Structure formats: C-alpha cells, structure tokens
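What follows is model_35.tsv (TSV, C-alpha atoms).
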```tsv
chain	number	residue	atom	x	y	z
A	490	MET	CA	0.00	0.00	0.00
A	491	ALA	CA	1.29	3.45	-0.87
A	492	PRO	CA	2.02	5.71	2.12
A	493	GLN	CA	-0.93	7.82	3.23
A	494	TYR	CA	1.30	10.83	3.83
A	495	LYS	CA	3.15	12.68	1.09
A	496	PHE	CA	5.69	15.18	2.40
A	497	THR	CA	7.23	17.59	-0.09
A	498	TYR	CA	10.28	19.77	0.48
A	499	LEU	CA	13.45	20.76	-1.30
A	500	ASP	CA	16.22	18.20	-1.74
A	501	THR	CA	17.84	19.42	1.50
A	502	ARG	CA	17.38	19.02	5.25
A	503	GLY	CA	16.54	22.65	6.10
A	504	LEU	CA	13.03	23.26	7.38
A	505	GLY	CA	11.87	19.81	6.31
A	506	GLU	CA	14.17	17.62	8.32
A	507	MET	CA	12.37	18.00	11.65
A	508	CYS	CA	9.21	16.59	10.06
A	509	ARG	CA	11.17	13.73	8.48
A	510	TYR	CA	12.63	12.96	11.95
A	511	LEU	CA	9.09	12.82	13.40
A	512	PHE	CA	7.88	10.43	10.69
A	513	LYS	CA	10.90	8.19	11.27
A	514	TYR	CA	10.69	8.40	15.06
A	515	GLY	CA	7.07	7.27	15.00
A	516	GLY	CA	7.56	4.68	12.28
A	517	ILE	CA	4.98	6.48	10.12
A	518	ASP	CA	5.32	5.59	6.46
A	519	PHE	CA	5.57	8.63	4.17
A	520	GLU	CA	6.52	9.56	0.65
A	521	ASP	CA	9.64	11.74	0.93
A	522	VAL	CA	9.24	13.98	-2.13
A	523	ARG	CA	12.30	16.15	-2.80
A	524	ILE	CA	12.28	19.00	-5.30
A	525	LYS	CA	15.62	19.95	-6.79
A	526	ARG	CA	16.39	23.66	-6.55
A	527	GLU	CA	16.39	24.06	-10.37
A	528	ASN	CA	12.89	22.55	-10.58
A	529	TRP	CA	11.42	24.69	-7.80
A	530	PRO	CA	9.97	27.46	-10.05
A	531	GLN	CA	7.55	25.05	-11.75
A	532	HIS	CA	6.49	23.59	-8.38
A	533	LYS	CA	6.02	26.86	-6.50
A	534	ASP	CA	2.53	27.61	-7.82
A	535	LYS	CA	1.30	24.11	-6.98
A	536	THR	CA	1.75	24.86	-3.26
A	537	PRO	CA	-0.91	26.72	-1.24
A	538	PHE	CA	1.27	29.78	-0.53
A	539	GLY	CA	4.38	29.34	-2.67
A	540	VAL	CA	6.50	27.70	0.01
A	541	VAL	CA	7.50	24.25	1.20
A	542	PRO	CA	7.33	22.01	3.14
A	543	ILE	CA	3.82	20.86	2.43
A	544	LEU	CA	2.01	17.80	3.72
A	545	GLU	CA	-0.60	15.94	1.67
A	546	TYR	CA	-2.99	13.49	3.29
A	547	ASN	CA	-6.38	12.18	2.33
A	548	GLY	CA	-6.68	14.53	-0.66
A	549	LYS	CA	-5.86	17.61	1.42
A	550	VAL	CA	-2.72	19.72	1.38
A	551	VAL	CA	-1.31	22.06	4.00
A	552	GLY	CA	1.94	23.99	4.51
A	553	GLN	CA	4.07	25.46	7.31
A	554	SER	CA	6.84	23.39	8.89
A	555	LEU	CA	6.04	24.15	12.54
A	556	ALA	CA	2.33	23.43	12.08
A	557	ILE	CA	3.11	20.14	10.31
A	558	ALA	CA	5.65	19.20	12.98
A	559	ARG	CA	3.14	19.87	15.78
A	560	TYR	CA	0.59	17.69	13.99
A	561	LEU	CA	3.06	14.84	13.52
A	562	ALA	CA	4.26	15.21	17.11
A	563	LYS	CA	0.70	14.53	18.30
A	564	LYS	CA	0.70	11.32	16.26
A	565	VAL	CA	4.02	10.17	17.76
A	566	LYS	CA	3.29	11.40	21.31
A	567	LEU	CA	5.96	14.08	21.62
A	568	VAL	CA	3.51	16.77	22.74
A	569	GLY	CA	2.27	17.93	26.14
A	570	ASP	CA	0.06	15.92	28.47
A	571	ASN	CA	-2.14	18.98	28.94
A	572	ASP	CA	-2.73	22.40	27.40
A	573	TRP	CA	-0.14	24.19	29.55
A	574	GLU	CA	2.53	21.63	28.71
A	575	SER	CA	1.74	22.01	25.01
A	576	LEU	CA	2.04	25.78	25.43
A	577	GLU	CA	5.49	25.36	26.96
A	578	ILE	CA	6.61	23.18	24.05
A	579	ASP	CA	5.10	25.54	21.46
A	580	ALA	CA	6.76	28.57	23.05
A	581	THR	CA	10.11	26.78	23.06
A	582	ALA	CA	9.75	25.86	19.39
A	583	ASP	CA	8.86	29.47	18.54
A	584	THR	CA	11.92	30.70	20.44
A	585	ILE	CA	14.11	28.31	18.43
A	586	ASN	CA	12.41	29.69	15.34
A	587	ASP	CA	13.25	33.26	16.41
A	588	ILE	CA	16.91	32.23	16.47
A	589	ARG	CA	16.64	30.41	13.13
A	590	ILE	CA	15.22	33.49	11.42
A	591	LYS	CA	18.38	35.41	12.35
A	592	LEU	CA	20.43	33.01	10.20
A	593	ILE	CA	18.62	33.91	6.98
A	594	PRO	CA	20.18	37.33	6.17
A	595	ILE	CA	23.62	35.79	6.77
A	596	ILE	CA	22.95	32.89	4.41
A	597	MET	CA	21.67	35.40	1.80
A	598	GLU	CA	24.59	37.86	2.14
A	599	GLN	CA	27.10	37.52	-0.73
A	600	ASP	CA	29.63	40.15	0.36
A	601	THR	CA	32.33	38.47	2.49
A	602	THR	CA	33.05	41.49	4.69
A	603	LYS	CA	29.38	42.15	5.37
A	604	LYS	CA	28.77	38.44	6.02
A	605	GLN	CA	31.60	38.42	8.57
A	606	ALA	CA	30.11	41.40	10.38
A	607	LEU	CA	26.69	39.76	10.45
A	608	LEU	CA	28.24	36.55	11.79
A	609	GLU	CA	29.87	38.43	14.66
A	610	THR	CA	26.54	40.03	15.54
A	611	LEU	CA	24.83	36.64	15.33
A	612	LYS	CA	27.32	35.07	17.71
A	613	LYS	CA	27.35	37.96	20.17
A	614	ASP	CA	23.76	39.22	20.20
A	615	THR	CA	21.72	36.19	19.14
A	616	PHE	CA	23.61	33.11	20.32
A	617	GLY	CA	25.09	35.05	23.26
A	618	TYR	CA	21.62	36.02	24.42
A	619	TYR	CA	19.53	32.94	23.71
A	620	LEU	CA	21.88	30.01	24.24
A	621	PRO	CA	22.79	30.63	27.91
A	622	ARG	CA	19.07	30.91	28.67
A	623	LEU	CA	18.22	27.72	26.78
A	624	GLU	CA	21.22	26.00	28.41
A	625	ALA	CA	19.93	26.92	31.89
A	626	GLY	CA	16.54	25.55	30.89
A	627	ALA	CA	18.04	22.28	29.65
A	628	GLN	CA	20.01	21.94	32.87
A	629	LYS	CA	16.81	22.26	34.89
A	630	ASN	CA	14.91	19.95	32.55
A	631	ASN	CA	16.81	16.72	32.83
A	632	GLY	CA	18.86	17.44	29.69
A	633	TYR	CA	15.85	18.25	27.51
A	634	LEU	CA	14.67	21.72	26.49
A	635	VAL	CA	11.37	21.62	28.32
A	636	LEU	CA	9.13	19.45	30.55
A	637	GLY	CA	12.07	17.29	31.65
A	638	ARG	CA	11.50	14.83	28.83
A	639	LEU	CA	11.79	14.40	25.06
A	640	THR	CA	9.41	16.62	23.04
A	641	TRP	CA	9.26	17.80	19.45
A	642	ALA	CA	10.97	21.04	20.54
A	643	ASP	CA	14.12	18.94	21.03
A	644	PHE	CA	13.74	17.66	17.47
A	645	TYR	CA	13.48	21.18	16.15
A	646	PHE	CA	16.48	22.32	18.18
A	647	SER	CA	18.55	19.43	16.82
A	648	THR	CA	18.00	20.45	13.23
A	649	VAL	CA	18.29	24.21	13.78
A	650	SER	CA	21.42	23.98	15.95
A	651	THR	CA	23.05	21.93	13.19
A	652	MET	CA	22.48	24.98	10.96
A	653	PHE	CA	24.29	27.14	13.56
A	654	ASP	CA	27.44	25.12	12.97
A	655	ILE	CA	27.09	25.14	9.19
A	656	VAL	CA	26.51	28.90	8.98
A	657	THR	CA	29.39	29.78	11.32
A	658	GLY	CA	31.79	26.91	10.61
A	659	GLU	CA	32.13	26.55	14.39
A	660	ASP	CA	31.01	24.16	17.12
A	661	ILE	CA	28.47	26.60	18.53
A	662	LEU	CA	27.15	24.25	21.22
A	663	GLY	CA	30.71	23.46	22.41
A	664	SER	CA	30.33	25.67	25.49
A	665	TYR	CA	26.76	24.53	26.19
A	666	PRO	CA	26.99	20.91	27.37
A	667	ASN	CA	23.31	20.53	28.16
A	668	LEU	CA	22.23	21.88	24.76
A	669	LYS	CA	24.77	19.66	23.04
A	670	GLY	CA	23.28	16.83	25.06
A	671	VAL	CA	19.80	17.63	23.76
A	672	ARG	CA	21.01	17.30	20.18
A	673	ASP	CA	23.10	14.22	20.90
A	674	LYS	CA	20.15	12.48	22.55
A	675	VAL	CA	17.89	13.14	19.56
A	676	HIS	CA	20.53	11.95	17.12
A	677	ALA	CA	21.10	8.82	19.21
A	678	LEU	CA	17.46	7.72	19.08
A	679	PRO	CA	17.60	4.44	17.14
A	680	ALA	CA	15.17	5.49	14.40
A	681	ILE	CA	16.89	8.87	13.94
A	682	LYS	CA	20.39	7.36	14.03
A	683	LYS	CA	19.39	4.95	11.30
A	684	TRP	CA	17.73	7.69	9.23
A	685	ILE	CA	20.85	9.90	9.44
A	686	GLU	CA	22.89	7.00	8.07
A	687	VAL	CA	20.66	6.37	5.07
A	688	ARG	CA	19.15	9.78	4.23
A	689	PRO	CA	20.11	11.57	1.01
A	690	LYS	CA	23.21	13.68	1.52
A	691	SER	CA	22.91	17.46	1.29
A	692	ASP	CA	25.01	20.46	2.37
A	693	PHE	CA	22.42	21.96	4.69
B	1109	MET	CA	-10.50	37.03	43.72
B	1110	ALA	CA	-7.57	38.26	41.64
B	1111	PRO	CA	-7.45	36.91	38.06
B	1112	GLN	CA	-5.51	33.67	37.67
B	1113	TYR	CA	-3.96	34.86	34.41
B	1114	LYS	CA	-1.53	37.75	34.16
B	1115	PHE	CA	-0.84	38.84	30.58
B	1116	THR	CA	2.00	41.30	30.01
B	1117	TYR	CA	2.69	43.24	26.84
B	1118	LEU	CA	3.57	46.77	25.79
B	1119	ASP	CA	0.97	49.51	26.10
B	1120	THR	CA	-0.12	48.88	22.50
B	1121	ARG	CA	-2.27	46.39	20.56
B	1122	GLY	CA	0.49	44.87	18.39
B	1123	LEU	CA	1.25	41.22	19.03
B	1124	GLY	CA	-0.69	41.21	22.28
B	1125	GLU	CA	-4.14	42.15	21.05
B	1126	MET	CA	-5.07	38.74	19.62
B	1127	CYS	CA	-4.56	37.22	23.07
B	1128	ARG	CA	-6.60	39.99	24.71
B	1129	TYR	CA	-9.39	39.28	22.18
B	1130	LEU	CA	-9.31	35.59	23.15
B	1131	PHE	CA	-9.55	36.37	26.86
B	1132	LYS	CA	-12.46	38.72	26.21
B	1133	TYR	CA	-14.21	36.36	23.79
B	1134	GLY	CA	-14.13	33.56	26.33
B	1135	GLY	CA	-14.96	35.76	29.30
B	1136	ILE	CA	-11.71	34.70	30.98
B	1137	ASP	CA	-10.65	37.15	33.65
B	1138	PHE	CA	-7.05	38.36	33.25
B	1139	GLU	CA	-4.74	41.05	34.50
B	1140	ASP	CA	-3.94	43.24	31.47
B	1141	VAL	CA	-0.44	44.44	32.36
B	1142	ARG	CA	0.88	47.12	29.98
B	1143	ILE	CA	4.49	48.25	29.96
B	1144	LYS	CA	5.16	51.72	28.66
B	1145	ARG	CA	7.88	51.86	25.99
B	1146	GLU	CA	10.15	53.99	28.21
B	1147	ASN	CA	9.97	51.40	31.01
B	1148	TRP	CA	10.66	48.40	28.76
B	1149	PRO	CA	14.46	48.24	29.37
B	1150	GLN	CA	14.00	47.48	33.07
B	1151	HIS	CA	11.35	44.83	32.29
B	1152	LYS	CA	13.17	43.05	29.46
B	1153	ASP	CA	15.39	40.89	31.68
B	1154	LYS	CA	12.43	39.76	33.77
B	1155	THR	CA	11.00	37.94	30.73
B	1156	PRO	CA	12.19	34.44	29.74
B	1157	PHE	CA	13.74	35.52	26.41
B	1158	GLY	CA	13.67	39.31	26.43
B	1159	VAL	CA	10.38	39.66	24.57
B	1160	VAL	CA	6.70	40.15	25.25
B	1161	PRO	CA	3.92	39.11	25.37
B	1162	ILE	CA	4.27	36.76	28.31
B	1163	LEU	CA	1.59	34.84	30.15
B	1164	GLU	CA	1.81	34.06	33.86
B	1165	TYR	CA	-0.37	31.43	35.45
B	1166	ASN	CA	-0.09	29.34	38.57
B	1167	GLY	CA	3.46	30.54	39.28
B	1168	LYS	CA	4.69	29.75	35.79
B	1169	VAL	CA	5.61	32.12	32.98
B	1170	VAL	CA	5.79	31.57	29.25
B	1171	GLY	CA	6.25	33.75	26.15
B	1172	GLN	CA	5.45	33.75	22.41
B	1173	SER	CA	2.22	35.30	21.17
B	1174	LEU	CA	1.16	32.50	18.82
B	1175	ALA	CA	1.78	29.81	21.42
B	1176	ILE	CA	-0.18	31.76	24.03
B	1177	ALA	CA	-3.00	32.40	21.55
B	1178	ARG	CA	-3.23	28.69	20.66
B	1179	TYR	CA	-3.41	27.85	24.37
B	1180	LEU	CA	-6.15	30.40	25.01
B	1181	ALA	CA	-8.00	29.29	21.88
B	1182	LYS	CA	-8.21	25.78	23.35
B	1183	LYS	CA	-9.80	27.25	26.49
B	1184	VAL	CA	-12.38	29.21	24.49
B	1185	LYS	CA	-13.02	26.49	21.88
B	1186	LEU	CA	-11.71	28.23	18.77
B	1187	VAL	CA	-9.43	25.32	17.79
B	1188	GLY	CA	-9.90	22.26	15.60
B	1189	ASP	CA	-12.15	19.32	16.39
B	1190	ASN	CA	-9.33	16.94	15.47
B	1191	ASP	CA	-5.58	17.03	14.81
B	1192	TRP	CA	-5.91	17.73	11.08
B	1193	GLU	CA	-8.28	20.66	11.70
B	1194	SER	CA	-5.86	22.08	14.26
B	1195	LEU	CA	-3.07	21.72	11.69
B	1196	GLU	CA	-5.12	23.70	9.17
B	1197	ILE	CA	-5.69	26.49	11.69
B	1198	ASP	CA	-2.04	26.51	12.79
B	1199	ALA	CA	-0.83	26.66	9.18
B	1200	THR	CA	-3.18	29.56	8.48
B	1201	ALA	CA	-1.94	31.45	11.53
B	1202	ASP	CA	1.67	30.85	10.48
B	1203	THR	CA	0.90	32.16	6.99
B	1204	ILE	CA	-0.59	35.32	8.51
B	1205	ASN	CA	2.57	35.57	10.57
B	1206	ASP	CA	4.70	35.29	7.42
B	1207	ILE	CA	2.86	38.35	6.09
B	1208	ARG	CA	3.17	40.21	9.42
B	1209	ILE	CA	6.94	39.72	9.48
B	1210	LYS	CA	7.20	41.59	6.17
B	1211	LEU	CA	5.82	44.71	7.87
B	1212	ILE	CA	8.69	44.97	10.34
B	1213	PRO	CA	11.49	46.36	8.10
B	1214	ILE	CA	9.01	48.99	6.84
B	1215	ILE	CA	8.05	50.07	10.34
B	1216	MET	CA	11.76	50.26	11.24
B	1217	GLU	CA	12.83	52.22	8.12
B	1218	GLN	CA	13.38	55.92	8.86
B	1219	ASP	CA	14.31	57.11	5.35
B	1220	THR	CA	11.15	58.27	3.56
B	1221	THR	CA	12.29	57.30	0.05
B	1222	LYS	CA	13.42	53.84	1.14
B	1223	LYS	CA	10.23	53.37	3.14
B	1224	GLN	CA	8.15	54.23	0.08
B	1225	ALA	CA	10.04	51.68	-2.04
B	1226	LEU	CA	9.55	49.01	0.64
B	1227	LEU	CA	5.84	49.84	0.80
B	1228	GLU	CA	5.47	49.35	-2.96
B	1229	THR	CA	7.18	45.96	-2.71
B	1230	LEU	CA	4.98	45.03	0.24
B	1231	LYS	CA	1.82	45.86	-1.68
B	1232	LYS	CA	2.90	44.19	-4.92
B	1233	ASP	CA	4.85	41.12	-3.80
B	1234	THR	CA	3.46	40.36	-0.34
B	1235	PHE	CA	-0.16	41.54	-0.32
B	1236	GLY	CA	-0.48	40.89	-4.08
B	1237	TYR	CA	0.63	37.30	-3.59
B	1238	TYR	CA	-0.97	36.29	-0.31
B	1239	LEU	CA	-4.25	38.19	-0.18
B	1240	PRO	CA	-5.87	36.79	-3.35
B	1241	ARG	CA	-5.06	33.28	-2.09
B	1242	LEU	CA	-6.46	33.99	1.38
B	1243	GLU	CA	-9.51	35.66	-0.23
B	1244	ALA	CA	-10.20	32.53	-2.31
B	1245	GLY	CA	-9.90	30.46	0.86
B	1246	ALA	CA	-12.32	32.71	2.76
B	1247	GLN	CA	-14.79	32.52	-0.15
B	1248	LYS	CA	-14.72	28.71	0.03
B	1249	ASN	CA	-14.90	28.72	3.84
B	1250	ASN	CA	-18.16	30.44	4.52
B	1251	GLY	CA	-16.51	33.81	5.06
B	1252	TYR	CA	-13.94	32.53	7.54
B	1253	LEU	CA	-10.28	31.82	6.83
B	1254	VAL	CA	-10.42	28.09	7.40
B	1255	LEU	CA	-12.75	25.20	8.37
B	1256	GLY	CA	-15.86	27.17	7.38
B	1257	ARG	CA	-16.27	28.56	10.89
B	1258	LEU	CA	-14.75	30.97	13.39
B	1259	THR	CA	-11.27	29.97	14.65
B	1260	TRP	CA	-8.43	31.78	16.35
B	1261	ALA	CA	-6.78	32.25	12.92
B	1262	ASP	CA	-9.59	34.75	12.19
B	1263	PHE	CA	-8.71	36.60	15.39
B	1264	TYR	CA	-5.06	36.78	14.36
B	1265	PHE	CA	-5.99	37.98	10.87
B	1266	SER	CA	-8.19	40.71	12.32
B	1267	THR	CA	-5.36	42.22	14.33
B	1268	VAL	CA	-2.66	41.77	11.67
B	1269	SER	CA	-4.79	43.12	8.82
B	1270	THR	CA	-5.46	46.22	10.90
B	1271	MET	CA	-1.67	46.72	10.89
B	1272	PHE	CA	-1.73	46.51	7.06
B	1273	ASP	CA	-3.90	49.62	6.97
B	1274	ILE	CA	-1.84	51.48	9.56
B	1275	VAL	CA	1.48	50.76	7.85
B	1276	THR	CA	0.25	51.69	4.36
B	1277	GLY	CA	-2.36	54.33	5.21
B	1278	GLU	CA	-4.70	52.50	2.83
B	1279	ASP	CA	-7.76	50.26	3.03
B	1280	ILE	CA	-5.82	47.15	2.03
B	1281	LEU	CA	-8.78	44.76	2.33
B	1282	GLY	CA	-10.96	47.06	0.20
B	1283	SER	CA	-10.66	44.78	-2.85
B	1284	TYR	CA	-11.01	41.57	-0.82
B	1285	PRO	CA	-14.64	41.45	0.38
B	1286	ASN	CA	-14.37	38.02	1.99
B	1287	LEU	CA	-11.25	38.97	3.95
B	1288	LYS	CA	-12.84	42.22	5.01
B	1289	GLY	CA	-15.81	40.11	6.10
B	1290	VAL	CA	-13.55	37.95	8.27
B	1291	ARG	CA	-12.30	41.02	10.11
B	1292	ASP	CA	-15.75	42.60	10.35
B	1293	LYS	CA	-17.23	39.41	11.79
B	1294	VAL	CA	-14.55	39.21	14.50
B	1295	HIS	CA	-14.97	42.88	15.38
B	1296	ALA	CA	-18.76	42.44	15.54
B	1297	LEU	CA	-18.60	39.65	18.12
B	1298	PRO	CA	-20.33	41.19	21.17
B	1299	ALA	CA	-17.40	40.67	23.57
B	1300	ILE	CA	-14.86	42.00	21.05
B	1301	LYS	CA	-17.05	44.95	20.05
B	1302	LYS	CA	-17.37	45.91	23.69
B	1303	TRP	CA	-13.63	45.50	24.29
B	1304	ILE	CA	-12.77	47.71	21.31
B	1305	GLU	CA	-14.98	50.43	22.79
B	1306	VAL	CA	-13.33	50.38	26.22
B	1307	ARG	CA	-9.74	49.31	25.59
B	1308	PRO	CA	-6.87	51.76	26.14
B	1309	LYS	CA	-6.23	53.81	23.01
B	1310	SER	CA	-2.95	53.33	21.14
B	1311	ASP	CA	-1.62	54.13	17.67
B	1312	PHE	CA	-0.90	50.53	16.66
```

Show how you would write the structure in this file as structure tokens.
Amino acid sequence: MAPQYKFTYLDTRGLGEMCRYLFKYGGIDFEDVRIKRENWPQHKDKTPFGVVPILEYNGKVVGQSLAIARYLAKKVKLVGDNDWESLEIDATADTINDIRIKLIPIIMEQDTTKKQALLETLKKDTFGYYLPRLEAGAQKNNGYLVLGRLTWADFYFSTVSTMFDIVTGEDILGSYPNLKGVRDKVHALPAIKKWIEVRPKSDF
Amino acid sequence: MAPQYKFTYLDTRGLGEMCRYLFKYGGIDFEDVRIKRENWPQHKDKTPFGVVPILEYNGKVVGQSLAIARYLAKKVKLVGDNDWESLEIDATADTINDIRIKLIPIIMEQDTTKKQALLETLKKDTFGYYLPRLEAGAQKNNGYLVLGRLTWADFYFSTVSTMFDIVTGEDILGSYPNLKGVRDKVHALPAIKKWIEVRPKSDF
C-alpha cells in the first residue's frame, strides 16, 4: 500500500528535516518527495502559498513546517500531556524559530566582509543572548529543552542547531553541554540514528 | 478574587491584542499588564527571552504570542475538532505571521524614500501574492479563513490586517470582500465589540 502521507520539500534538510525525523521516530510511512532547486519554479505555484514544506494526506494539502511538525508530534506522542505543557513546548519551538530566522540574512549575504560582520553580531547578540538561557533551561529539565523529557521542541532544536554550525563553521554548542546533550540524545534515538545513516546527503 | 492569568505586553495592541481578544471572547478574567515603551528596558530581563507578550499562570511564565494564543484558543473552543483541523488552523496562523513579518522592516525604516520603495514591494509582492489566495480560501470557507467557521486564525488575521492599513495608510482589504468580512465578523462579536470600545487607546 502506498504511504498515506506525502511530504514535499526541497532536496535538502533545512526546514523539512524535523518533520522527516518525526515520521521516522514514530515509524509512520511517508513519501519523501524532494524537489531539486532548479525545478522549484515550476512547483512553487502548486503549493498553497508558494512555500514548502507541504504535507498531503487524504486529498488535502497544507503547509508550514512548525504546524506540520506539531501535527506529527501529536501522532508520535511528543507533545504535552495537557494544554499548559503544550504551550510550553510551542513557546520553546517558537523561540528556536526566532533564532533560526536570524540566520537567513547571513545565508543570503554575498559580500564576504558584510557576512563576517553579520556573523559576529549573530554570535554575540543572538547566540550570546539565547543560548545561555536555553542551556539553563536544559540543565533544569533533565537534559531536555522543556518538561524534563523528550518533546518535538528537542527535534526542532537538533536540526536548527546543526544549521548554527554550518553557517558559522564553528562548534556553537561546544560551550553549552546541556544543549549539546539535547542534540546528541535526539541523534542517538535508534530510528533517527538509522535515518541519518541512510538519508540523502545534502550540504544543509 | 484576583485573576488567575496575568498577561504582560507593551501599552499597545500589536502582538498582544489577539490574546486579549481571546480572553475577552471567552470571558476569561485576566490582568492586562501594559508596559510603557520607556519602562521596557528594566522589564526586558524579567521575561524568559527578552520579549513580550508573556503569560503568567499558577506561578509559571511563558512567552510567544502565537503559542499563548493557541493555548487560550483551546480554552475558548476556537481550535480544531481533530488534529488535522488544528493543523489547518495553525498553518493559516503561520501564513498570517509570514505576512506580518514583512511589515517589520518597513516600520523600522526611517528614510522616507526607502520606506516608500519598501511599501510598494509590500503591496505588490506580499499583499499581491498572499491576499488573493487567502480571499479565495475565505470565499470557500463560509466567510472565515479556514474550516468554514470561526477559529483563532480569524482573530489573528483581524489584528494583523489592521496593521496593514496602519502601515500603508490604505484600506488594504478594500478589494477583498471576503477577507474584510472575516475582520468585520470578528470585530462584531459582542465581547470584542465591547472590548474595542473600552480598551486603552494606542496608535498601533
């Protein structure tokens, strides 16, 4: 039987990888559709709002990576046990997203000198502000970001913090042992470990 | 008895107003704490990640407007009846947020000529792309953004689309009758109508 879920993203990890982790973690079969960058223009107008990832299921299609991840996390039981717990996870994911958004102008910048200046600001003002606070949270939460246990916020952090290292060329979590532990624990989950070994290779 | 919920934001509507609407809609008592811009520096470090709004409840504190709104929407029954419906609402809210984010560089720009150029791009590329698609959705959904009924995505759209008009000085929804209808319906809800009459006045 063909998979019920069709998940479409670019042929990269990027914003799609967290959702792929959730499918793999829960053992949910899905069609992993990957659009090559050069073919994106002819796919763009087939999406609801011109962006990917999108999720198709039961004849319906919907976009937005965080919304899809939250949906999948419910299926694989990585959400809160009550509304307040879900709020804490959602807020953590949105905070990770606030950090992720700061990477975009740096990735887009072509001028080497300007890029270097942006990188310094990123490390000082963004990482220097957020990461000690997230680290203190992880220390209080049994080595997870929130609720003292594995949630989909940890999955999101694992993929976004990998981008930190790619964008800067540095081991950004090196001085944050608890945050590094969050990522290591996600990557050591058997289903994720196996997926990382077999997934298509891409630069980011 | 003092309200169980304490909601803190700046002394503006901005990102906080959707949450205030949800409290009012559901008749949930809350302390509406408003920080004046000039007092923000001494409040910033009392928040989890240096931003507002924040919600305090039962000795706990959490940030992120969309996460708080989703939590409140559960309390007042403006969420999905199942996981897929909630995904559709969440994706719609995130799409509205994608539009909102495009307003920020324009609000920040001080140079009149540059601001004008950014405004033209906003109207052509952002509003011109998203609004016809959202309008078609509202037409298919009984005059609501999604699911054919009132959800918290409509609340978010009402507050964000009001910012469209403030930033441009134009009636941006004028050529989108269904979207204008979404906003009008939210603002005509008795509890919201009453709140709009009595709420503290602010420019945005």

### Message
For a quick check of your reading of the model, name the residues lying within 12 Å of the coordinate (-2.3, 14.5, -4.0), counting all atoms listed in the file, and write them as a ChimeraX atom specification.
### Response
/A:492-497,520,522,535-536,543-551

Suppose we keep C-alpha atoms; can you now write the selection as an mmCIF file, keeping the file's coordinate frame?
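That gives us out-v1.cif:
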```
data_model
loop_
_atom_site.group_PDB
_atom_site.id
_atom_site.type_symbol
_atom_site.label_atom_id
_atom_site.label_comp_id
_atom_site.auth_asym_id
_atom_site.auth_seq_id
_atom_site.Cartn_x
_atom_site.Cartn_y
_atom_site.Cartn_z
ATOM 1 C CA PRO A 492 2.020 5.710 2.120
ATOM 2 C CA GLN A 493 -0.930 7.820 3.230
ATOM 3 C CA TYR A 494 1.300 10.830 3.830
ATOM 4 C CA LYS A 495 3.150 12.680 1.090
ATOM 5 C CA PHE A 496 5.690 15.180 2.400
ATOM 6 C CA THR A 497 7.230 17.590 -0.090
ATOM 7 C CA GLU A 520 6.520 9.560 0.650
ATOM 8 C CA VAL A 522 9.240 13.980 -2.130
ATOM 9 C CA LYS A 535 1.300 24.110 -6.980
ATOM 10 C CA THR A 536 1.750 24.860 -3.260
ATOM 11 C CA ILE A 543 3.820 20.860 2.430
ATOM 12 C CA LEU A 544 2.010 17.800 3.720
ATOM 13 C CA GLU A 545 -0.600 15.940 1.670
ATOM 14 C CA TYR A 546 -2.990 13.490 3.290
ATOM 15 C CA ASN A 547 -6.380 12.180 2.330
ATOM 16 C CA GLY A 548 -6.680 14.530 -0.660
ATOM 17 C CA LYS A 549 -5.860 17.610 1.420
ATOM 18 C CA VAL A 550 -2.720 19.720 1.380
ATOM 19 C CA VAL A 551 -1.310 22.060 4.000
#
```

### Query
Counting all atoms listed in the file, what is within 12 Å of Arg1178 in chain B, bar same-chain residues fewer than 4 positions away, as a ChimeraX atom specification?
/A:556,559,572-573,575-580 /B:1126-1127,1130-1131,1172-1174,1182-1188,1194-1195,1197-1199,1201-1202,1259-1261,1263-1264

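Considering all atoms listed in the file, the residue among A:Asp534, A:Asp673, A:Glu609, A:Glu686 positioned nearest to chain B is A:Asp534.
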
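Among the candidate residues B:Leu1211, B:Leu1226, B:Ala1244, B:Met1216, the one lying nearest to chain A is B:Ala1244, with distances computed using only C-alpha atoms.
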
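Distance-wise, CA of Leu1258 in chain B and CA of Leu1297 in chain B end up 10.6 Å apart.
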
### Separation of CA of Lys669 in chain A from CA of Thr501 in chain A, in Å and rounded to one decimal
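Those two atoms sit 22.6 Å apart.
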
### Task
Compile the contact shell of Ala606 in chain A as a PyMOL selection string: residues with an atom at most 12 Å away, counting all atoms listed in the file, same-chain residues fewer than 6 positions apart removed.
chain A and resi 594-595+598+600+612-614+657

Box in all listed atoms of range 1184-1190 of chain B, axis-aligned, with 8 Å more on each side; write out centre and edge lengths in Å to one decimal as AutoDock Vina command-line options.
```
--center_x -11.2 --center_y 23.1 --center_z 20.0 --size_x 19.7 --size_y 28.3 --size_z 25.0
```

### Given all atoms listed in the file as the counted atoms, nearest of B:Val1160, B:Ala1110, B:Ile1136, B:Leu1281 to chain A
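Of all the options, B:Val1160 lies closest to chain A.
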
### Message
What does the structure give for the distance between CA of Gly1256 in chain B and CA of Gly1124 in chain B, in Å to one decimal?
### Response
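Between CA of Gly1256 in chain B and CA of Gly1124 in chain B the gap works out to 25.5 Å.
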
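The protein and nucleic acid residues lying at most 8 Å from Asn1286 in chain B are Glu1243, Ala1246, Gln1247, Gly1251, Tyr1252, Tyr1284, Lys1288, Gly1289 and Val1290 of chain B, with only C-alpha atoms considered and sequence neighbours fewer than 2 positions away removed.
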
### Task
Take the point (4.6, 48.1, 8.7) as written in the file and pick out every residue within 7 Å of it, counting only C-alpha atoms; give the list as a ChimeraX atom specification.
/B:1211-1212,1214-1215,1271-1272,1275

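Minimum distance to Glu1278 in chain B across B:Lys1301, B:Leu1227, B:Pro1308, B:Asn1250 (counting all atoms listed in the file) occurs at B:Leu1227.
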
### Message
Ranking A:Lys683, A:Lys591, A:Arg672, A:Arg622 by minimum distance to chain B and counting all atoms listed in the file, which one comes first?
### Response
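With all atoms listed in the file as the atom set, the closest residue is A:Arg622.
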
### Task
Check the smallest atom-to-atom distance from each of A:Asp521, A:Asp692, A:Glu574, A:Asp660 to chain B using only C-alpha atoms, then report the winner.
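That would be A:Glu574, the residue with the smallest distance to chain B.
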
### Message
Taking 5 positions as the minimum chain separation for residues in the same chain, which residues sit within 9 Å of Phe1235 in chain B when counting all atoms listed in the file? Answer as a PyMOL selection string.
### Response
chain B and resi 1207+1229-1230+1240+1280

Output C-alpha atoms for every residue in the selection just made, as a short mmCIF file (atom, residue, chain, number, x, y, z; two decimals), in the frame of the given file.
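Written output follows (again.cif):
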```
data_model
loop_
_atom_site.label_atom_id
_atom_site.label_comp_id
_atom_site.auth_asym_id
_atom_site.auth_seq_id
_atom_site.Cartn_x
_atom_site.Cartn_y
_atom_site.Cartn_z
CA ILE B 1207 2.86 38.35 6.09
CA THR B 1229 7.18 45.96 -2.71
CA LEU B 1230 4.98 45.03 0.24
CA PRO B 1240 -5.87 36.79 -3.35
CA ILE B 1280 -5.82 47.15 2.03
#
```
